[in-house]
file work_31.cif (mmCIF, C-alpha atoms)
data_my_file
loop_
_atom_site.label_atom_id
_atom_site.label_comp_id
_atom_site.auth_asym_id
_atom_site.auth_seq_id
_atom_site.Cartn_x
_atom_site.Cartn_y
_atom_site.Cartn_z
CA MET W 1 172.61 186.36 134.81
CA SER W 2 176.22 185.46 135.47
CA LEU W 3 178.80 185.63 132.71
CA LYS W 4 179.27 181.85 132.83
CA ALA W 5 175.52 181.29 132.40
CA ARG W 6 175.48 183.75 129.49
CA ILE W 7 178.32 181.85 127.80
CA THR W 8 176.43 178.56 128.27
CA ASP W 9 173.27 180.09 126.79
CA ASP W 10 175.27 181.41 123.84
CA MET W 11 176.66 177.92 123.28
CA LYS W 12 173.13 176.51 123.11
CA ALA W 13 172.10 179.26 120.70
CA ALA W 14 175.13 178.57 118.50
CA MET W 15 174.19 174.87 118.46
CA ARG W 16 170.63 175.67 117.38
CA ALA W 17 171.84 178.08 114.70
CA ARG W 18 174.46 175.58 113.51
CA GLU W 19 177.27 178.16 113.77
CA ALA W 20 180.20 175.75 113.90
CA ALA W 21 183.01 178.31 114.26
CA ARG W 22 181.26 180.25 117.03
CA LEU W 23 180.28 177.03 118.79
CA GLY W 24 183.87 175.78 118.73
CA THR W 25 185.18 178.99 120.26
CA ILE W 26 182.54 179.02 123.00
CA ARG W 27 183.23 175.36 123.81
CA LEU W 28 186.94 176.19 124.04
CA LEU W 29 186.13 179.00 126.47
CA LEU W 30 183.89 176.81 128.60
CA ALA W 31 186.57 174.11 128.68
CA ALA W 32 189.14 176.67 129.89
CA ILE W 33 186.73 177.85 132.58
CA LYS W 34 186.00 174.29 133.69
CA GLN W 35 189.72 173.46 133.75
CA LYS W 36 190.44 176.41 136.04
CA GLU W 37 187.54 175.42 138.32
CA VAL W 38 188.80 171.85 138.55
CA ASP W 39 192.43 172.90 139.09
CA GLU W 40 191.58 175.34 141.86
CA ARG W 41 188.55 173.45 143.23
CA ILE W 42 186.37 176.57 143.19
CA GLU W 43 183.36 177.98 141.36
CA LEU W 44 184.53 180.94 139.26
CA ASP W 45 182.78 184.29 139.66
CA ASP W 46 182.35 186.82 136.85
CA ALA W 47 185.71 188.52 137.50
CA GLN W 48 187.57 185.20 137.37
CA VAL W 49 185.70 184.15 134.21
CA GLY W 50 186.71 187.52 132.76
CA SER W 51 190.35 186.79 133.50
CA VAL W 52 190.05 183.45 131.66
CA VAL W 53 188.55 185.30 128.68
CA GLU W 54 191.40 187.85 128.79
CA LYS W 55 193.97 185.05 128.84
CA LEU W 56 192.42 183.40 125.78
CA ILE W 57 192.27 186.76 123.98
CA LYS W 58 195.95 187.36 124.72
CA GLN W 59 196.76 183.91 123.34
CA ARG W 60 194.80 184.68 120.15
CA LYS W 61 196.61 188.01 119.67
CA ASP W 62 200.00 186.33 120.15
CA SER W 63 199.06 183.60 117.67
CA ILE W 64 197.87 186.14 115.12
CA GLY W 65 201.24 187.92 115.28
CA GLN W 66 203.16 184.69 114.81
CA PHE W 67 200.93 183.46 111.99
CA GLN W 68 201.25 186.80 110.18
CA ALA W 69 205.04 186.59 110.46
CA ALA W 70 204.90 183.10 108.97
CA GLY W 71 202.57 184.19 106.15
CA ARG W 72 199.75 181.87 107.22
CA ASP W 73 196.73 184.04 106.34
CA ASP W 74 194.34 181.10 106.69
CA LEU W 75 195.30 180.64 110.34
CA VAL W 76 195.26 184.40 110.96
CA ALA W 77 191.63 184.54 109.77
CA ALA W 78 190.63 181.64 112.04
CA GLU W 79 192.28 183.24 115.09
CA GLN W 80 190.68 186.62 114.33
CA ALA W 81 187.26 184.97 114.13
CA GLU W 82 187.81 183.41 117.56
CA LEU W 83 189.04 186.76 118.88
CA VAL W 84 185.80 188.46 117.83
CA VAL W 85 183.71 185.85 119.64
CA LEU W 86 185.81 186.06 122.81
CA GLN W 87 185.72 189.87 122.92
CA ASP W 88 181.91 189.70 123.28
CA TYR W 89 182.45 188.45 126.85
CA LEU W 90 184.69 191.29 128.02
CA PRO W 91 183.21 194.21 129.94
CA GLU W 92 182.85 197.61 128.25
CA GLN W 93 186.32 198.80 127.22
CA LEU W 94 187.63 202.18 128.37
CA SER W 95 188.46 204.85 125.81
CA ALA W 96 192.04 205.98 125.30
CA ALA W 97 191.30 209.25 127.14
CA GLU W 98 189.86 207.36 130.12
CA VAL W 99 192.91 205.08 130.27
CA GLU W 100 195.26 208.09 130.11
CA ALA W 101 193.33 209.77 132.93
CA GLU W 102 193.57 206.62 135.08
CA VAL W 103 197.32 206.37 134.38
CA ALA W 104 197.87 210.03 135.29
CA ALA W 105 195.87 209.60 138.51
CA ALA W 106 197.80 206.45 139.48
CA ILE W 107 201.16 208.11 138.82
CA ALA W 108 200.14 211.06 141.00
CA GLU W 109 198.71 208.77 143.70
CA SER W 110 201.83 206.59 143.88
CA GLY W 111 204.27 209.48 143.62
CA ALA W 112 206.13 207.69 140.82
CA ALA W 113 209.00 209.71 139.39
CA SER W 114 211.00 207.30 137.23
CA ALA W 115 210.76 204.03 135.35
CA ARG W 116 211.82 202.22 138.55
CA ASP W 117 208.44 203.12 140.06
CA MET W 118 206.50 201.45 137.26
CA GLY W 119 205.61 198.46 139.46
CA LYS W 120 203.87 200.72 141.98
CA VAL W 121 201.76 202.32 139.26
CA MET W 122 200.89 198.96 137.65
CA GLY W 123 199.96 197.61 141.09
CA LEU W 124 197.42 200.40 141.49
CA LEU W 125 196.04 200.17 137.96
CA LYS W 126 195.73 196.41 137.52
CA PRO W 127 192.68 195.96 139.78
CA ARG W 128 191.06 199.16 138.47
CA LEU W 129 191.44 198.38 134.78
CA ALA W 130 191.30 194.57 134.71
CA GLY W 131 189.24 193.48 131.72
CA ARG W 132 188.45 197.04 130.69
CA ALA W 133 191.77 197.95 129.06
CA ASP W 134 194.67 196.20 127.34
CA MET W 135 197.29 196.04 130.09
CA GLY W 136 200.10 195.87 127.52
CA GLN W 137 199.07 199.26 126.18
CA VAL W 138 198.65 200.58 129.72
CA SER W 139 202.18 199.43 130.53
CA ALA W 140 203.57 201.18 127.43
CA LEU W 141 201.70 204.36 128.38
CA ILE W 142 203.10 204.30 131.93
CA LYS W 143 206.61 203.71 130.59
CA ALA W 144 206.28 206.66 128.19
CA ARG W 145 204.94 208.94 130.94
CA LEU W 146 207.66 208.02 133.44
CA ALA W 147 210.46 208.24 130.87
CA GLY W 148 209.40 211.66 129.59
#
call {"tool": "encode", "arguments": {"input": "work_31.cif", "output": "structure tokens"}}
result
Amino acid sequence: MSLKARITDDMKAAMRAREAARLGTIRLLLAAIKQKEVDERIELDDAQVGSVVEKLIKQRKDSIGQFQAAGRDDLVAAEQAELVVLQDYLPEQLSAAEVEAEVAAAIAESGAASARDMGKVMGLLKPRLAGRADMGQVSALIKARLAG
């Protein structure tokens, strides 16, 4: 079953169970998927659906940070609830040790020696880790490795 079909089935299940918050989040995700399909005139595969999910997760994390800074705990809770639902559709996440091993291998493979070479390392890692690791954390890890 494709990821898109699984999301659609989960929407139907949320309707039957009358889970309004979960249903709203899934509908938001399906709308984002449909919008991308219409904009690009293509049928999204699982990897592309995963990138849409990642984008929505990143938006939720950014919103949570801003709402916390503004002291809006009610909105923080709503965004965190959506974040939990969206994270169900990401592939299995890599452990910190696995991410560090991938970073070390990419640095060795690219021959990176300084922070200027960070783009080479990110270019190697992005396709390998897409959807399986937080690329912001990966970037910080690369920066720390190349600086030290």
call {"tool": "resolve_selection", "arguments": {"input": "work_31.cif", "expression": "the PyMOL selection byres ((chain W and resi 25) around 9)", "output": "compact mmCIF listing (two decimals) with C-alpha atoms, in the frame of the given file"}}
result
# COMPACT_ATOMS: atom_id res chain seq x y z
CA ALA W 20 180.20 175.75 113.90
CA ALA W 21 183.01 178.31 114.26
CA ARG W 22 181.26 180.25 117.03
CA LEU W 23 180.28 177.03 118.79
CA GLY W 24 183.87 175.78 118.73
CA ILE W 26 182.54 179.02 123.00
CA ARG W 27 183.23 175.36 123.81
CA LEU W 28 186.94 176.19 124.04
CA LEU W 29 186.13 179.00 126.47
CA LEU W 30 183.89 176.81 128.60
CA ALA W 81 187.26 184.97 114.13
CA GLU W 82 187.81 183.41 117.56
CA LEU W 83 189.04 186.76 118.88
CA VAL W 85 183.71 185.85 119.64
CA LEU W 86 185.81 186.06 122.81
call {"tool": "resolve_selection", "arguments": {"input": "work_31.cif", "expression": "the PyMOL selection byres ((chain W and resi 45-58) around 12)", "output": "NGL selection string"}}
result
:W and (1-7 or 25-26 or 28-37 or 40 or 42-44 or 59-65 or 79-92 or 126-136)
call {"tool": "write_last_selection", "arguments": {"input": "work_31.cif", "atoms": "C-alpha atoms", "output": "PDB file, keeping the file's coordinate frame"}}
result
ATOM      1  CA  MET W   1     172.610 186.360 134.810  1.00  0.00           C
ATOM      2  CA  SER W   2     176.220 185.460 135.470  1.00  0.00           C
ATOM      3  CA  LEU W   3     178.800 185.630 132.710  1.00  0.00           C
ATOM      4  CA  LYS W   4     179.270 181.850 132.830  1.00  0.00           C
ATOM      5  CA  ALA W   5     175.520 181.290 132.400  1.00  0.00           C
ATOM      6  CA  ARG W   6     175.480 183.750 129.490  1.00  0.00           C
ATOM      7  CA  ILE W   7     178.320 181.850 127.800  1.00  0.00           C
ATOM      8  CA  THR W  25     185.180 178.990 120.260  1.00  0.00           C
ATOM      9  CA  ILE W  26     182.540 179.020 123.000  1.00  0.00           C
ATOM     10  CA  LEU W  28     186.940 176.190 124.040  1.00  0.00           C
ATOM     11  CA  LEU W  29     186.130 179.000 126.470  1.00  0.00           C
ATOM     12  CA  LEU W  30     183.890 176.810 128.600  1.00  0.00           C
ATOM     13  CA  ALA W  31     186.570 174.110 128.680  1.00  0.00           C
ATOM     14  CA  ALA W  32     189.140 176.670 129.890  1.00  0.00           C
ATOM     15  CA  ILE W  33     186.730 177.850 132.580  1.00  0.00           C
ATOM     16  CA  LYS W  34     186.000 174.290 133.690  1.00  0.00           C
ATOM     17  CA  GLN W  35     189.720 173.460 133.750  1.00  0.00           C
ATOM     18  CA  LYS W  36     190.440 176.410 136.040  1.00  0.00           C
ATOM     19  CA  GLU W  37     187.540 175.420 138.320  1.00  0.00           C
ATOM     20  CA  GLU W  40     191.580 175.340 141.860  1.00  0.00           C
ATOM     21  CA  ILE W  42     186.370 176.570 143.190  1.00  0.00           C
ATOM     22  CA  GLU W  43     183.360 177.980 141.360  1.00  0.00           C
ATOM     23  CA  LEU W  44     184.530 180.940 139.260  1.00  0.00           C
ATOM     24  CA  GLN W  59     196.760 183.910 123.340  1.00  0.00           C
ATOM     25  CA  ARG W  60     194.800 184.680 120.150  1.00  0.00           C
ATOM     26  CA  LYS W  61     196.610 188.010 119.670  1.00  0.00           C
ATOM     27  CA  ASP W  62     200.000 186.330 120.150  1.00  0.00           C
ATOM     28  CA  SER W  63     199.060 183.600 117.670  1.00  0.00           C
ATOM     29  CA  ILE W  64     197.870 186.140 115.120  1.00  0.00           C
ATOM     30  CA  GLY W  65     201.240 187.920 115.280  1.00  0.00           C
ATOM     31  CA  GLU W  79     192.280 183.240 115.090  1.00  0.00           C
ATOM     32  CA  GLN W  80     190.680 186.620 114.330  1.00  0.00           C
ATOM     33  CA  ALA W  81     187.260 184.970 114.130  1.00  0.00           C
ATOM     34  CA  GLU W  82     187.810 183.410 117.560  1.00  0.00           C
ATOM     35  CA  LEU W  83     189.040 186.760 118.880  1.00  0.00           C
ATOM     36  CA  VAL W  84     185.800 188.460 117.830  1.00  0.00           C
ATOM     37  CA  VAL W  85     183.710 185.850 119.640  1.00  0.00           C
ATOM     38  CA  LEU W  86     185.810 186.060 122.810  1.00  0.00           C
ATOM     39  CA  GLN W  87     185.720 189.870 122.920  1.00  0.00           C
ATOM     40  CA  ASP W  88     181.910 189.700 123.280  1.00  0.00           C
ATOM     41  CA  TYR W  89     182.450 188.450 126.850  1.00  0.00           C
ATOM     42  CA  LEU W  90     184.690 191.290 128.020  1.00  0.00           C
ATOM     43  CA  PRO W  91     183.210 194.210 129.940  1.00  0.00           C
ATOM     44  CA  GLU W  92     182.850 197.610 128.250  1.00  0.00           C
ATOM     45  CA  LYS W 126     195.730 196.410 137.520  1.00  0.00           C
ATOM     46  CA  PRO W 127     192.680 195.960 139.780  1.00  0.00           C
ATOM     47  CA  ARG W 128     191.060 199.160 138.470  1.00  0.00           C
ATOM     48  CA  LEU W 129     191.440 198.380 134.780  1.00  0.00           C
ATOM     49  CA  ALA W 130     191.300 194.570 134.710  1.00  0.00           C
ATOM     50  CA  GLY W 131     189.240 193.480 131.720  1.00  0.00           C
ATOM     51  CA  ARG W 132     188.450 197.040 130.690  1.00  0.00           C
ATOM     52  CA  ALA W 133     191.770 197.950 129.060  1.00  0.00           C
ATOM     53  CA  ASP W 134     194.670 196.200 127.340  1.00  0.00           C
ATOM     54  CA  MET W 135     197.290 196.040 130.090  1.00  0.00           C
ATOM     55  CA  GLY W 136     200.100 195.870 127.520  1.00  0.00           C
TER      56      GLY W 136
END
call {"tool": "residues_around", "arguments": {"input": "work_31.cif", "residues": "Ile107 (chain W)", "least_positions_apart": "5", "cutoff": "12 Å", "atoms": "only C-alpha atoms", "output": "list of chain:residue names"}}
result
W:Glu100, W:Ala101, W:Glu102, W:Ala112, W:Ala113, W:Ser114, W:Ala115, W:Asp117, W:Met118, W:Gly119, W:Lys120, W:Val121, W:Met122, W:Gly123, W:Leu124, W:Leu125, W:Leu141, W:Ile142, W:Lys143, W:Ala144, W:Arg145, W:Leu146
call {"tool": "closest_residue", "arguments": {"input": "work_31.cif", "among": "W:Asp39, W:Gly71, W:Gln137, W:Ala17", "to": "Ser95 (chain W)", "atoms": "only C-alpha atoms"}}
result
W:Gln137
call {"tool": "axis_aligned_box", "arguments": {"input": "work_31.cif", "around": "region 74-79 of chain W", "padding_each_side": "4 Å", "output": "AutoDock Vina command-line options"}}
result
--center_x 193.0 --center_y 182.6 --center_z 110.9 --size_x 12.7 --size_y 11.9 --size_z 16.4
call {"tool": "atom_distance", "arguments": {"input": "work_31.cif", "atom1": "CA of Met15 (chain W)", "atom2": "CA of Val76 (chain W)"}}
result
24.3 Å
call {"tool": "atom_distance", "arguments": {"input": "work_31.cif", "atom1": "CA of Ala105 (chain W)", "atom2": "CA of Val138 (chain W)"}}
result
12.9 Å
call {"tool": "decode", "arguments": {"input": "work_31.cif", "residues": "region 22-39 of chain W", "atoms": "N, CA and C atoms", "output": "short mmCIF file (atom, residue, chain, number, x, y, z; two decimals), in the first residue's frame"}}
result
data_model
loop_
_atom_site.label_atom_id
_atom_site.label_comp_id
_atom_site.auth_asym_id
_atom_site.auth_seq_id
_atom_site.Cartn_x
_atom_site.Cartn_y
_atom_site.Cartn_z
N ARG W 22 -7.44 14.70 14.77
CA ARG W 22 -6.66 13.84 13.87
C ARG W 22 -7.17 13.99 12.43
N LEU W 23 -8.47 14.01 12.27
CA LEU W 23 -9.08 14.15 10.95
C LEU W 23 -8.65 15.47 10.30
N GLY W 24 -8.66 16.55 11.06
CA GLY W 24 -8.26 17.84 10.53
C GLY W 24 -6.82 17.85 10.05
N THR W 25 -5.95 17.23 10.82
CA THR W 25 -4.53 17.17 10.44
C THR W 25 -4.34 16.34 9.18
N ILE W 26 -5.02 15.20 9.10
CA ILE W 26 -4.89 14.33 7.92
C ILE W 26 -5.45 15.02 6.68
N ARG W 27 -6.57 15.73 6.84
CA ARG W 27 -7.12 16.47 5.71
C ARG W 27 -6.17 17.56 5.24
N LEU W 28 -5.51 18.22 6.19
CA LEU W 28 -4.51 19.24 5.86
C LEU W 28 -3.37 18.63 5.06
N LEU W 29 -2.93 17.45 5.47
CA LEU W 29 -1.86 16.75 4.77
C LEU W 29 -2.29 16.35 3.36
N LEU W 30 -3.47 15.80 3.24
CA LEU W 30 -3.97 15.41 1.91
C LEU W 30 -4.14 16.63 1.00
N ALA W 31 -4.57 17.75 1.57
CA ALA W 31 -4.71 18.97 0.77
C ALA W 31 -3.34 19.44 0.27
N ALA W 32 -2.31 19.35 1.12
CA ALA W 32 -0.96 19.75 0.72
C ALA W 32 -0.44 18.83 -0.38
N ILE W 33 -0.73 17.54 -0.26
CA ILE W 33 -0.31 16.58 -1.29
C ILE W 33 -1.01 16.89 -2.61
N LYS W 34 -2.31 17.10 -2.55
CA LYS W 34 -3.10 17.39 -3.75
C LYS W 34 -2.62 18.69 -4.40
N GLN W 35 -2.32 19.70 -3.58
CA GLN W 35 -1.84 20.98 -4.11
C GLN W 35 -0.54 20.79 -4.87
N LYS W 36 0.37 20.00 -4.33
CA LYS W 36 1.65 19.76 -5.00
C LYS W 36 1.42 19.00 -6.31
N GLU W 37 0.50 18.03 -6.29
CA GLU W 37 0.20 17.28 -7.51
C GLU W 37 -0.39 18.18 -8.59
N VAL W 38 -1.27 19.08 -8.19
CA VAL W 38 -1.89 19.99 -9.15
C VAL W 38 -0.86 20.98 -9.68
N ASP W 39 -0.04 21.53 -8.79
CA ASP W 39 0.97 22.52 -9.19
C ASP W 39 1.96 21.92 -10.18
#
